[in-house]
Amino acid sequence: MAVIDDVRPLGTELERSYQVYVRGQLKFRVKQIVYAAFSLDETVMGFAFPREERAALVASEPHKFQMPSASDMRFNWIHANLAAVDPTEARELVVDAWRMVVPKKLTRAYDLTHPHGPG
């Protein structure tokens, strides 16, 4: 079971990333792009994810992943139930979401300094 504190450090450790609170909700941003956000009760993590792969992920593990709300379907976005995700997987999901919003040179640099993935 992952909790928000398992991934919170990534919000400032990943290059160009910062944390903001919007109406009480913690969000991770690069510039103005939100790549991860947490529900007010900290049980659900929304994160950037390729639209074309969402349905397959939800179908493969519906206890873990859910489609975003109808208003967010147009975005590259999906939700994860943190109680069903382990801490390592939660960190990997955040890093993969960050990869979607930063230049490729930053992802290559990250891979060089983190050859075994997010610690």
# chains A, B, ... in the order shown; residues from 1 in each chain; ligands from 1
>>> select_by_dssp(residues="segment 26-119 of chain A", states="strand (DSSP E or B)", output="PyMOL selection string")
chain A and resi 26-30+33-38+44-48+65-66+77-81
>>> select_by_dssp(residues="segment 4-75 of chain A", states="helix (DSSP H, G or I)", output="list in words")
Ile4, Asp5, Asp6, Val7, Leu10, Gly11, Thr12, Glu13, Arg51, Glu52, Glu53, Arg54, Ala55, Ala56, Leu57, Val58, Ala59, Ser60, Ala70, Ser71 and Asp72 of chain A
>>> write_last_selection(atoms="C-alpha atoms", output="mmCIF file, in the first residue's frame")
data_model
loop_
_atom_site.group_PDB
_atom_site.id
_atom_site.type_symbol
_atom_site.label_atom_id
_atom_site.label_comp_id
_atom_site.auth_asym_id
_atom_site.auth_seq_id
_atom_site.Cartn_x
_atom_site.Cartn_y
_atom_site.Cartn_z
ATOM 1 C CA ILE A 4 1.369 10.133 -0.393
ATOM 2 C CA ASP A 5 4.601 10.416 1.615
ATOM 3 C CA ASP A 6 6.098 7.624 -0.530
ATOM 4 C CA VAL A 7 6.024 9.912 -3.569
ATOM 5 C CA LEU A 10 9.666 13.338 -6.078
ATOM 6 C CA GLY A 11 7.616 16.515 -6.417
ATOM 7 C CA THR A 12 10.757 18.545 -5.753
ATOM 8 C CA GLU A 13 13.547 16.064 -6.524
ATOM 9 C CA ARG A 51 -4.605 8.176 -23.588
ATOM 10 C CA GLU A 52 -4.286 5.324 -26.058
ATOM 11 C CA GLU A 53 -3.060 2.952 -23.322
ATOM 12 C CA ARG A 54 -5.576 3.812 -20.578
ATOM 13 C CA ALA A 55 -8.298 1.312 -21.413
ATOM 14 C CA ALA A 56 -5.836 -1.592 -21.497
ATOM 15 C CA LEU A 57 -4.322 -0.627 -18.136
ATOM 16 C CA VAL A 58 -7.718 -0.272 -16.459
ATOM 17 C CA ALA A 59 -8.904 -3.568 -17.954
ATOM 18 C CA SER A 60 -5.761 -5.371 -16.791
ATOM 19 C CA ALA A 70 -15.520 12.649 -17.852
ATOM 20 C CA SER A 71 -14.123 16.188 -17.888
ATOM 21 C CA ASP A 72 -10.540 14.843 -17.827
#
>>> closest_residue(among="A:Val101, A:Leu106, A:Met45, A:Leu112", to="Arg29 of chain A", atoms="only C-alpha atoms")
A:Val101
>>> residues_around(residues="segment 30-42 of chain A", least_positions_apart="3", cutoff="9 Å", atoms="only C-alpha atoms", output="compact mmCIF listing (two decimals) with C-alpha atoms, in the first residue's frame")
# COMPACT_ATOMS: atom_id res chain seq x y z
CA VAL A 3 0.80 6.60 0.76
CA ILE A 4 1.37 10.13 -0.39
CA GLY A 11 7.62 16.52 -6.42
CA GLU A 15 14.26 18.30 -12.34
CA ARG A 16 11.99 21.30 -13.08
CA SER A 17 9.29 19.82 -10.85
CA TYR A 18 7.62 21.64 -7.99
CA ARG A 23 -7.90 24.09 -3.21
CA GLY A 24 -6.18 21.82 -0.69
CA GLN A 25 -5.02 19.28 -3.27
CA LEU A 26 -1.32 18.49 -3.69
CA LYS A 27 -0.19 18.66 -7.31
CA MET A 45 -3.38 9.64 -7.37
CA GLY A 46 -4.11 11.05 -10.81
CA PHE A 47 -1.16 11.12 -13.16
CA ALA A 48 -0.13 11.71 -16.75
CA PHE A 49 -0.55 8.57 -18.83
CA TRP A 77 -4.62 11.21 -17.47
CA LEU A 82 -2.99 4.20 -3.67
CA VAL A 94 5.14 9.47 -10.89
CA ALA A 97 4.29 10.84 -15.66
CA TRP A 98 7.09 13.39 -15.22
CA MET A 100 5.76 12.83 -20.35
CA VAL A 101 6.10 16.55 -19.63
CA VAL A 102 9.86 17.24 -19.70
>>> atom_distance(atom1="atom CA of Ala2 of chain A", atom2="atom CA of Asp86 of chain A")
4.9 Å
>>> closest_residue(among="A:Met1, A:Arg8, A:Gln66, A:Leu14", to="Thr107 of chain A", atoms="only C-alpha atoms")
A:Leu14
>>> residues_around(residues="His63 of chain A", least_positions_apart="5", cutoff="9 Å", atoms="only C-alpha atoms", output="PDB file with C-alpha atoms, in the first residue's frame")
ATOM      1  CA  VAL A  58      -7.718  -0.272 -16.459  1.00  0.00           C
ATOM      2  CA  ALA A  80      -4.622   4.955  -9.287  1.00  0.00           C
ATOM      3  CA  ASN A  81      -6.003   3.712  -5.983  1.00  0.00           C
ATOM      4  CA  ALA A  84      -3.725  -1.070  -4.254  1.00  0.00           C
TER       5      ALA A  84
END
